[in-house]
$ cat run_14.cif   # mmCIF, C-alpha atoms and all ligand atoms
data_start
loop_
_atom_site.group_PDB
_atom_site.id
_atom_site.type_symbol
_atom_site.label_atom_id
_atom_site.label_comp_id
_atom_site.auth_asym_id
_atom_site.auth_seq_id
_atom_site.Cartn_x
_atom_site.Cartn_y
_atom_site.Cartn_z
ATOM 1 C CA MET A 135 -53.242 255.491 229.322
ATOM 2 C CA LYS A 136 -56.835 255.414 230.501
ATOM 3 C CA GLY A 137 -57.756 257.772 233.315
ATOM 4 C CA VAL A 138 -59.143 254.936 235.430
ATOM 5 C CA VAL A 139 -55.587 253.612 235.849
ATOM 6 C CA PHE A 140 -54.661 257.003 237.340
ATOM 7 C CA THR A 141 -57.760 257.590 239.473
ATOM 8 C CA GLU A 142 -57.484 254.138 241.056
ATOM 9 C CA PHE A 143 -53.788 254.677 241.727
ATOM 10 C CA ILE A 144 -54.527 258.001 243.472
ATOM 11 C CA GLU A 145 -57.191 256.296 245.578
ATOM 12 C CA MET A 146 -54.875 253.453 246.530
ATOM 13 C CA VAL A 147 -52.119 255.856 247.594
ATOM 14 C CA GLU A 148 -54.597 257.880 249.616
ATOM 15 C CA SER A 149 -55.969 254.884 251.470
ATOM 16 C CA GLN A 150 -52.672 253.060 251.989
ATOM 17 C CA PHE A 151 -50.222 255.928 252.505
ATOM 18 C CA GLY A 152 -52.471 258.851 253.487
ATOM 19 C CA ASP A 153 -53.320 262.343 252.218
ATOM 20 C CA GLU A 154 -49.990 263.865 253.096
ATOM 21 C CA VAL A 155 -47.936 261.375 251.085
ATOM 22 C CA LEU A 156 -50.368 261.763 248.177
ATOM 23 C CA GLU A 157 -50.037 265.553 248.154
ATOM 24 C CA GLN A 158 -46.288 265.325 248.425
ATOM 25 C CA ILE A 159 -45.822 262.922 245.526
ATOM 26 C CA ILE A 160 -48.170 264.943 243.296
ATOM 27 C CA GLU A 161 -46.181 268.085 244.038
ATOM 28 C CA LYS A 162 -42.810 266.428 243.483
ATOM 29 C CA ALA A 163 -43.827 264.562 240.325
ATOM 30 C CA ASN A 164 -44.450 267.976 238.704
ATOM 31 C CA LEU A 165 -47.293 266.824 236.484
ATOM 32 C CA PRO A 166 -48.802 268.783 233.595
ATOM 33 C CA HIS A 167 -52.309 267.739 234.673
ATOM 34 C CA ASN A 168 -51.555 268.390 238.328
ATOM 35 C CA ALA A 169 -53.061 264.961 238.995
ATOM 36 C CA GLU A 170 -56.574 266.183 238.229
ATOM 37 C CA TYR A 171 -57.479 262.985 236.456
ATOM 38 C CA THR A 172 -60.898 261.722 235.445
ATOM 39 C CA ALA A 173 -61.658 258.056 234.843
ATOM 40 C CA VAL A 174 -62.843 258.725 231.278
ATOM 41 C CA GLY A 175 -59.854 260.843 230.239
ATOM 42 C CA SER A 176 -56.548 259.634 228.785
ATOM 43 C CA TYR A 177 -53.129 260.727 230.000
ATOM 44 C CA PRO A 178 -49.498 259.955 229.167
ATOM 45 C CA HIS A 179 -48.405 256.780 230.969
ATOM 46 C CA GLU A 180 -45.167 258.593 231.915
ATOM 47 C CA GLU A 181 -47.191 260.551 234.482
ATOM 48 C CA LEU A 182 -48.099 257.337 236.274
ATOM 49 C CA VAL A 183 -44.461 256.264 236.205
ATOM 50 C CA SER A 184 -43.439 259.640 237.741
ATOM 51 C CA LEU A 185 -46.001 259.223 240.513
ATOM 52 C CA VAL A 186 -44.778 255.694 241.240
ATOM 53 C CA LEU A 187 -41.150 256.913 241.304
ATOM 54 C CA GLU A 188 -41.999 259.644 243.807
ATOM 55 C CA LEU A 189 -44.027 257.236 245.919
ATOM 56 C CA SER A 190 -41.053 254.893 245.972
ATOM 57 C CA THR A 191 -38.769 257.676 247.240
ATOM 58 C CA GLU A 192 -41.328 258.762 249.808
ATOM 59 C CA SER A 193 -42.199 255.271 251.080
ATOM 60 C CA ASN A 194 -38.876 253.459 250.615
ATOM 61 C CA VAL A 195 -40.741 250.718 248.778
ATOM 62 C CA PRO A 196 -38.960 249.713 245.526
ATOM 63 C CA VAL A 197 -40.716 250.717 242.267
ATOM 64 C CA PRO A 198 -41.254 247.104 241.066
ATOM 65 C CA ASP A 199 -42.966 246.224 244.355
ATOM 66 C CA LEU A 200 -45.262 249.249 244.089
ATOM 67 C CA LEU A 201 -46.192 248.453 240.485
ATOM 68 C CA LYS A 202 -46.877 244.840 241.397
ATOM 69 C CA ALA A 203 -49.035 245.825 244.356
ATOM 70 C CA TYR A 204 -50.917 248.300 242.199
ATOM 71 C CA GLY A 205 -51.432 245.729 239.411
ATOM 72 C CA LYS A 206 -52.890 243.285 241.907
ATOM 73 C CA HIS A 207 -55.214 245.938 243.276
ATOM 74 C CA PHE A 208 -56.180 247.052 239.756
ATOM 75 C CA PHE A 209 -57.277 243.582 238.705
ATOM 76 C CA GLY A 210 -59.830 243.756 241.515
ATOM 77 C CA ILE A 211 -61.271 246.870 239.856
ATOM 78 C CA LEU A 212 -61.231 245.304 236.369
ATOM 79 C CA GLY A 213 -62.830 242.102 237.641
ATOM 80 C CA LYS A 214 -65.754 244.140 238.967
ATOM 81 C CA SER A 215 -66.056 246.758 236.214
ATOM 82 C CA TYR A 216 -65.836 244.216 233.406
ATOM 83 C CA ALA A 217 -67.487 241.265 235.136
ATOM 84 C CA SER A 218 -69.592 240.523 232.036
ATOM 85 C CA MET A 219 -66.453 240.242 229.893
ATOM 86 C CA ILE A 220 -65.085 237.462 232.066
ATOM 87 C CA SER A 221 -68.309 235.765 233.138
ATOM 88 C CA ASP A 222 -67.721 232.824 230.769
ATOM 89 C CA VAL A 223 -64.088 232.415 231.760
ATOM 90 C CA LYS A 224 -63.613 229.496 234.119
ATOM 91 C CA ASP A 225 -60.222 230.359 235.571
ATOM 92 C CA GLY A 226 -57.158 232.585 235.428
ATOM 93 C CA PHE A 227 -55.271 230.363 233.005
ATOM 94 C CA GLU A 228 -58.134 230.539 230.530
ATOM 95 C CA LEU A 229 -58.253 234.300 230.942
ATOM 96 C CA PHE A 230 -54.510 234.682 230.310
ATOM 97 C CA GLN A 231 -54.894 232.744 227.062
ATOM 98 C CA LYS A 232 -57.880 234.865 226.017
ATOM 99 C CA LEU A 233 -56.326 238.193 226.933
ATOM 100 C CA GLU A 234 -54.628 238.988 223.646
ATOM 101 C CA ASN A 235 -57.310 237.828 221.218
ATOM 102 C CA TYR A 236 -60.475 238.509 223.156
ATOM 103 C CA ILE A 237 -60.331 240.613 226.325
ATOM 104 C CA HIS A 238 -57.954 243.344 225.252
ATOM 105 C CA VAL A 239 -59.619 243.289 221.809
ATOM 106 C CA GLU A 240 -62.952 244.092 223.474
ATOM 107 C CA VAL A 241 -61.235 246.790 225.538
ATOM 108 C CA LYS A 242 -59.874 248.326 222.334
ATOM 109 C CA LYS A 243 -63.381 248.333 220.818
ATOM 110 C CA LEU A 244 -64.701 250.200 223.852
ATOM 111 C CA TYR A 245 -61.742 252.586 224.003
ATOM 112 C CA PRO A 246 -59.942 252.938 220.664
ATOM 113 C CA GLU A 247 -57.381 255.178 222.366
ATOM 114 C CA ALA A 248 -56.382 252.433 224.866
ATOM 115 C CA GLU A 249 -52.726 251.468 224.774
ATOM 116 C CA LEU A 250 -52.483 247.762 225.368
ATOM 117 C CA PRO A 251 -49.556 245.378 225.607
ATOM 118 C CA LYS A 252 -49.079 242.341 223.385
ATOM 119 C CA PHE A 253 -49.140 238.892 224.983
ATOM 120 C CA ASP A 254 -48.112 235.605 223.350
ATOM 121 C CA THR A 255 -48.806 232.446 225.320
ATOM 122 C CA GLU A 256 -47.640 228.861 225.083
ATOM 123 C CA TRP A 257 -47.549 225.786 227.285
ATOM 124 C CA GLU A 258 -44.279 224.401 228.593
ATOM 125 C CA GLY A 259 -45.462 221.167 230.147
ATOM 126 C CA ASP A 260 -47.805 222.144 232.992
ATOM 127 C CA SER A 261 -46.609 225.745 232.948
ATOM 128 C CA LEU A 262 -48.229 228.534 230.988
ATOM 129 C CA VAL A 263 -45.658 230.915 229.531
ATOM 130 C CA MET A 264 -46.713 234.503 228.780
ATOM 131 C CA TYR A 265 -44.524 236.769 226.694
ATOM 132 C CA TYR A 266 -45.250 240.423 227.469
ATOM 133 C CA GLN A 267 -44.347 243.111 224.971
ATOM 134 C CA SER A 268 -45.027 246.836 225.384
ATOM 135 C CA SER A 269 -43.196 250.105 224.851
ATOM 136 C CA ARG A 270 -44.640 251.165 228.210
ATOM 137 C CA LYS A 271 -42.359 248.740 230.096
ATOM 138 C CA LEU A 272 -44.977 247.801 232.654
ATOM 139 C CA GLY A 273 -43.926 244.187 233.222
ATOM 140 C CA ASP A 274 -44.142 244.620 236.993
ATOM 141 C CA PHE A 275 -47.681 245.954 236.638
ATOM 142 C CA ALA A 276 -48.468 242.889 234.485
ATOM 143 C CA HIS A 277 -47.028 240.659 237.221
ATOM 144 C CA GLY A 278 -49.409 242.235 239.726
ATOM 145 C CA LEU A 279 -52.377 241.847 237.363
ATOM 146 C CA ILE A 280 -51.513 238.151 236.998
ATOM 147 C CA GLU A 281 -51.442 237.798 240.798
ATOM 148 C CA GLY A 282 -54.737 239.658 241.130
ATOM 149 C CA CYS A 283 -56.352 237.504 238.460
ATOM 150 C CA LEU A 284 -55.221 234.261 240.123
ATOM 151 C CA GLU A 285 -56.559 235.534 243.432
ATOM 152 C CA HIS A 286 -59.850 236.479 241.795
ATOM 153 C CA PHE A 287 -60.297 232.855 240.676
ATOM 154 C CA ASP A 288 -58.962 231.529 243.989
ATOM 155 C CA GLN A 289 -56.044 229.811 242.271
ATOM 156 C CA GLN A 290 -52.481 229.235 243.373
ATOM 157 C CA ALA A 291 -49.512 229.295 241.036
ATOM 158 C CA SER A 292 -45.882 230.254 241.199
ATOM 159 C CA ILE A 293 -44.985 233.156 238.913
ATOM 160 C CA THR A 294 -41.478 233.716 237.644
ATOM 161 C CA GLN A 295 -40.623 236.923 235.809
ATOM 162 C CA HIS A 296 -37.674 236.958 233.456
ATOM 163 C CA PRO A 297 -36.545 240.038 231.447
ATOM 164 C CA LEU A 298 -35.910 239.310 227.765
ATOM 165 C CA ASN A 299 -34.092 242.571 227.119
ATOM 166 C CA LYS A 300 -32.540 245.413 229.056
ATOM 167 C CA ASP A 301 -35.094 248.152 228.434
ATOM 168 C CA GLY A 302 -38.004 246.250 229.980
ATOM 169 C CA THR A 303 -40.173 246.154 226.857
ATOM 170 C CA ARG A 304 -40.135 242.341 226.692
ATOM 171 C CA VAL A 305 -40.694 240.070 229.675
ATOM 172 C CA LYS A 306 -41.322 236.351 230.020
ATOM 173 C CA PHE A 307 -43.649 235.043 232.737
ATOM 174 C CA THR A 308 -43.847 231.381 233.641
ATOM 175 C CA LEU A 309 -46.937 230.378 235.613
ATOM 176 C CA THR A 310 -46.890 226.980 237.266
ATOM 177 C CA PRO A 311 -50.021 225.836 239.061
ATOM 178 C CA HIS A 312 -49.649 224.144 242.447
HETATM 179 C C1 LIG A 401 -60.921 241.621 233.042
HETATM 180 C C2 LIG A 401 -59.768 241.507 232.405
HETATM 181 C C3 LIG A 401 -58.998 242.702 231.881
HETATM 182 C C4 LIG A 401 -59.477 243.878 231.360
HETATM 183 C C5 LIG A 401 -60.925 244.324 231.182
HETATM 184 C C6 LIG A 401 -58.312 244.701 231.022
HETATM 185 C C7 LIG A 401 -58.355 245.988 230.559
HETATM 186 C C8 LIG A 401 -57.286 246.847 230.490
HETATM 187 C C9 LIG A 401 -57.369 248.283 230.357
HETATM 188 C C10 LIG A 401 -58.679 249.111 230.287
HETATM 189 C C11 LIG A 401 -56.107 248.763 230.337
HETATM 190 C C12 LIG A 401 -55.690 250.247 230.209
HETATM 191 C C13 LIG A 401 -55.352 250.604 228.791
HETATM 192 C C14 LIG A 401 -54.884 252.048 228.718
HETATM 193 O O1 LIG A 401 -54.607 252.605 229.751
HETATM 194 O O2 LIG A 401 -54.828 252.663 227.632
HETATM 195 C C15 LIG A 401 -55.218 247.626 230.441
HETATM 196 C C16 LIG A 401 -53.851 247.712 230.434
HETATM 197 C C17 LIG A 401 -53.021 246.655 230.700
HETATM 198 N N1 LIG A 401 -53.397 245.336 230.827
HETATM 199 FE FE1 LIG A 401 -55.274 244.609 230.844
HETATM 200 N N2 LIG A 401 -57.171 243.996 231.286
HETATM 201 C C18 LIG A 401 -57.550 242.786 231.829
HETATM 202 C C19 LIG A 401 -56.723 241.792 232.279
HETATM 203 C C20 LIG A 401 -55.355 241.850 232.231
HETATM 204 C C21 LIG A 401 -54.461 240.813 232.738
HETATM 205 C C22 LIG A 401 -54.904 239.532 233.453
HETATM 206 C C23 LIG A 401 -53.193 241.225 232.469
HETATM 207 C C24 LIG A 401 -51.899 240.529 232.753
HETATM 208 C C25 LIG A 401 -51.678 239.301 232.416
HETATM 209 C C26 LIG A 401 -53.286 242.512 231.798
HETATM 210 C C27 LIG A 401 -52.214 243.269 231.387
HETATM 211 C C28 LIG A 401 -52.262 244.622 231.122
HETATM 212 C C29 LIG A 401 -51.098 245.505 231.154
HETATM 213 C C30 LIG A 401 -49.669 245.097 231.478
HETATM 214 C C31 LIG A 401 -51.580 246.796 230.876
HETATM 215 C C32 LIG A 401 -50.761 248.123 230.836
HETATM 216 C C33 LIG A 401 -50.443 248.612 229.452
HETATM 217 C C34 LIG A 401 -49.095 248.128 228.912
HETATM 218 O O3 LIG A 401 -48.334 247.444 229.629
HETATM 219 O O4 LIG A 401 -48.800 248.424 227.737
HETATM 220 N N3 LIG A 401 -54.611 242.851 231.663
HETATM 221 N N4 LIG A 401 -55.971 246.469 230.523
#

$ encode --input "run_14.cif" --output "structure tokens" --more "lines below"
Ligand code: HEM
Amino acid sequence: MKGVVFTEFIEMVESQFGDEVLEQIIEKANLPHNAEYTAVGSYPHEELVSLVLELSTESNVPVPDLLKAYGKHFFGILGKSYASMISDVKDGFELFQKLENYIHVEVKKLYPEAELPKFDTEWEGDSLVMYYQSSRKLGDFAHGLIEGCLEHFDQQASITQHPLNKDGTRVKFTLTPH
């Protein structure tokens, strides 16, 4: 997983939970890189999961809520860093449909080592359905990114998240505009 996902997480923990909590979770997560991440590096996604688990224990906030909150925050970073990639996109629903075959494809060109999920989309009446698939099991992070993206485009929609298997590698999202 790209270093920027780690560095932004560290910054969010620092600003929202403070230095002490950050130091504590880094110590407890027992990380090979000792959390000395750089934005341009790449690190095993399991290290992020360990940090989130420790933060959950420390803060009493459930892991899915933390991943969602972080996903929402992270879209804000993506929206700024890759503004040119989404400058022609008129809204979140268009972006969700372009994610698999355009946006993440461009990301992969920039960073061949990036590990990206697979998204299939289809319409069910007025609702856009997104099928998430990834061995990294980051459906809650995806949920947060969806929220962040809708906020970015100042759009409102209800989001339902439905697991398609037990191990979390496949998740169905139904987005209904209102
Ligand atoms: C400006 C638009 C976007 C850009 C530039 C972008 C780029 C990226 C990058 C750089 C990563 C990290 C890859 C790695 O660590 O190896 C990533 C991961 C991810 N992206 Fe996107 N992304 C965008 C929008 C979205 C949206 C809207 C969603 C959700 C619908 C999404 C879902 C994900 C997920 C879930 C991951 C984590 C990897 C996994 O689950 O396997 N992305 N994306």

$ closest_residue --input "run_14.cif" --among "A:Phe143, A:Phe151, A:Phe275, A:Phe227" --to "ligand LIG 401 (chain A)" --atoms "all atoms listed in the file"
A:Phe275

$ residues_around --input "run_14.cif" --residues "Ile159 of chain A" --least-positions-apart "6" --cutoff "12 Å" --atoms "all atoms listed in the file" --output "mmCIF file with C-alpha atoms, in the frame of the given file"
data_model
loop_
_atom_site.group_PDB
_atom_site.id
_atom_site.type_symbol
_atom_site.label_atom_id
_atom_site.label_comp_id
_atom_site.auth_asym_id
_atom_site.auth_seq_id
_atom_site.Cartn_x
_atom_site.Cartn_y
_atom_site.Cartn_z
ATOM 1 C CA ILE A 144 -54.527 258.001 243.472
ATOM 2 C CA VAL A 147 -52.119 255.856 247.594
ATOM 3 C CA GLU A 148 -54.597 257.880 249.616
ATOM 4 C CA PHE A 151 -50.222 255.928 252.505
ATOM 5 C CA GLY A 152 -52.471 258.851 253.487
ATOM 6 C CA ASP A 153 -53.320 262.343 252.218
ATOM 7 C CA LEU A 165 -47.293 266.824 236.484
ATOM 8 C CA ASN A 168 -51.555 268.390 238.328
ATOM 9 C CA ALA A 169 -53.061 264.961 238.995
ATOM 10 C CA GLU A 181 -47.191 260.551 234.482
ATOM 11 C CA LEU A 182 -48.099 257.337 236.274
ATOM 12 C CA VAL A 183 -44.461 256.264 236.205
ATOM 13 C CA SER A 184 -43.439 259.640 237.741
ATOM 14 C CA LEU A 185 -46.001 259.223 240.513
ATOM 15 C CA VAL A 186 -44.778 255.694 241.240
ATOM 16 C CA LEU A 187 -41.150 256.913 241.304
ATOM 17 C CA GLU A 188 -41.999 259.644 243.807
ATOM 18 C CA LEU A 189 -44.027 257.236 245.919
ATOM 19 C CA SER A 190 -41.053 254.893 245.972
ATOM 20 C CA THR A 191 -38.769 257.676 247.240
ATOM 21 C CA GLU A 192 -41.328 258.762 249.808
ATOM 22 C CA SER A 193 -42.199 255.271 251.080
#

$ atom_distance --input "run_14.cif" --atom1 "atom CA of Leu309 of chain A" --atom2 "atom CA of Leu262 of chain A"
5.1 Å

$ closest_atom_pairs --input "run_14.cif" --of "chain A" --to "ligand LIG 401 (chain A)" --cutoff "8 Å" --atoms "all atoms listed in the file" --output "Markdown table"
| residue | atom | partner | partner_atom | distance |
| --- | --- | --- | --- | --- |
| A:Met135 | CA | A:LIG401 | O1 | 3.2 |
| A:Lys136 | CA | A:LIG401 | O1 | 3.7 |
| A:Gly137 | CA | A:LIG401 | O1 | 7.0 |
| A:Val138 | CA | A:LIG401 | O1 | 7.6 |
| A:Val139 | CA | A:LIG401 | O1 | 6.3 |
| A:Ser176 | CA | A:LIG401 | O2 | 7.3 |
| A:His179 | CA | A:LIG401 | O1 | 7.6 |
| A:Phe209 | CA | A:LIG401 | C19 | 6.7 |
| A:Leu212 | CA | A:LIG401 | C1 | 5.0 |
| A:Gly213 | CA | A:LIG401 | C1 | 5.0 |
| A:Ser215 | CA | A:LIG401 | C5 | 7.6 |
| A:Tyr216 | CA | A:LIG401 | C5 | 5.4 |
| A:Ala217 | CA | A:LIG401 | C1 | 6.9 |
| A:Met219 | CA | A:LIG401 | C1 | 6.5 |
| A:Ile220 | CA | A:LIG401 | C1 | 6.0 |
| A:Gly226 | CA | A:LIG401 | C22 | 7.6 |
| A:Leu229 | CA | A:LIG401 | C22 | 6.7 |
| A:Phe230 | CA | A:LIG401 | C22 | 5.8 |
| A:Leu233 | CA | A:LIG401 | C19 | 6.5 |
| A:Ile237 | CA | A:LIG401 | C4 | 6.1 |
| A:His238 | CA | A:LIG401 | C6 | 5.9 |
| A:Glu240 | CA | A:LIG401 | C5 | 8.0 |
| A:Val241 | CA | A:LIG401 | C7 | 5.8 |
| A:Tyr245 | CA | A:LIG401 | C10 | 7.8 |
| A:Glu247 | CA | A:LIG401 | O2 | 6.4 |
| A:Ala248 | CA | A:LIG401 | O2 | 3.2 |
| A:Glu249 | CA | A:LIG401 | O2 | 3.7 |
| A:Leu250 | CA | A:LIG401 | O4 | 4.4 |
| A:Pro251 | CA | A:LIG401 | O4 | 3.8 |
| A:Lys252 | CA | A:LIG401 | O4 | 7.5 |
| A:Phe253 | CA | A:LIG401 | C25 | 7.9 |
| A:Met264 | CA | A:LIG401 | C25 | 7.8 |
| A:Tyr266 | CA | A:LIG401 | C30 | 7.6 |
| A:Gln267 | CA | A:LIG401 | O4 | 7.5 |
| A:Ser268 | CA | A:LIG401 | O4 | 4.7 |
| A:Ser269 | CA | A:LIG401 | O4 | 6.5 |
| A:Arg270 | CA | A:LIG401 | O4 | 5.0 |
| A:Lys271 | CA | A:LIG401 | O3 | 6.1 |
| A:Leu272 | CA | A:LIG401 | O3 | 4.5 |
| A:Gly273 | CA | A:LIG401 | C30 | 6.1 |
| A:Asp274 | CA | A:LIG401 | C30 | 7.8 |
| A:Phe275 | CA | A:LIG401 | C30 | 5.6 |
| A:Ala276 | CA | A:LIG401 | C30 | 3.9 |
| A:His277 | CA | A:LIG401 | C24 | 6.6 |
| A:Gly278 | CA | A:LIG401 | C24 | 7.6 |
| A:Leu279 | CA | A:LIG401 | C24 | 4.8 |
| A:Ile280 | CA | A:LIG401 | C25 | 4.7 |
| A:Gly282 | CA | A:LIG401 | C22 | 7.7 |
| A:Cys283 | CA | A:LIG401 | C22 | 5.6 |

$ closest_residue --input "run_14.cif" --among "A:His286, A:Leu156, A:Ala291, A:Asp260" --to "Lys214 of chain A" --atoms "only C-alpha atoms"
A:His286

$ resolve_selection --input "run_14.cif" --expression "the PyMOL selection byres (((chain A and resi 294) around 10) and not hetatm)" --output "ChimeraX atom specification"
/A:263,277,291-293,295-296,306-310

$ closest_residue --input "run_14.cif" --among "A:Phe208, A:Lys242, A:Gln289, A:Thr141" --to "Ala173 of chain A" --atoms "all atoms listed in the file"
A:Thr141

$ atom_distance --input "run_14.cif" --atom1 "atom CA of Val239 of chain A" --atom2 "atom CA of Thr255 of chain A"
15.7 Å

$ closest_residue --input "run_14.cif" --among "A:Ser261, A:Glu285, A:Asp199, A:Phe140" --to "Ile160 of chain A" --atoms "only C-alpha atoms"
A:Phe140

$ atom_distance --input "run_14.cif" --atom1 "atom CA of Phe287 of chain A" --atom2 "atom CA of Asp225 of chain A"
5.7 Å

$ residues_around --input "run_14.cif" --residues "His167 of chain A" --least-positions-apart "3" --cutoff "10 Å" --atoms "all atoms listed in the file" --output "list in words"
Ile160, Asn164, Glu170, Tyr171, Tyr177, Pro178 and Glu181 of chain A

$ residues_near_point --input "run_14.cif" --point "(-56.6, 248.2, 245.9)" --cutoff "9 Å" --atoms "only C-alpha atoms" --output "list in words"
Glu142, Phe143, Glu145, Met146, Ser149, Gln150, Ala203, Tyr204, Gly205, Lys206, His207, Phe208, Phe209, Gly210 and Ile211 of chain A
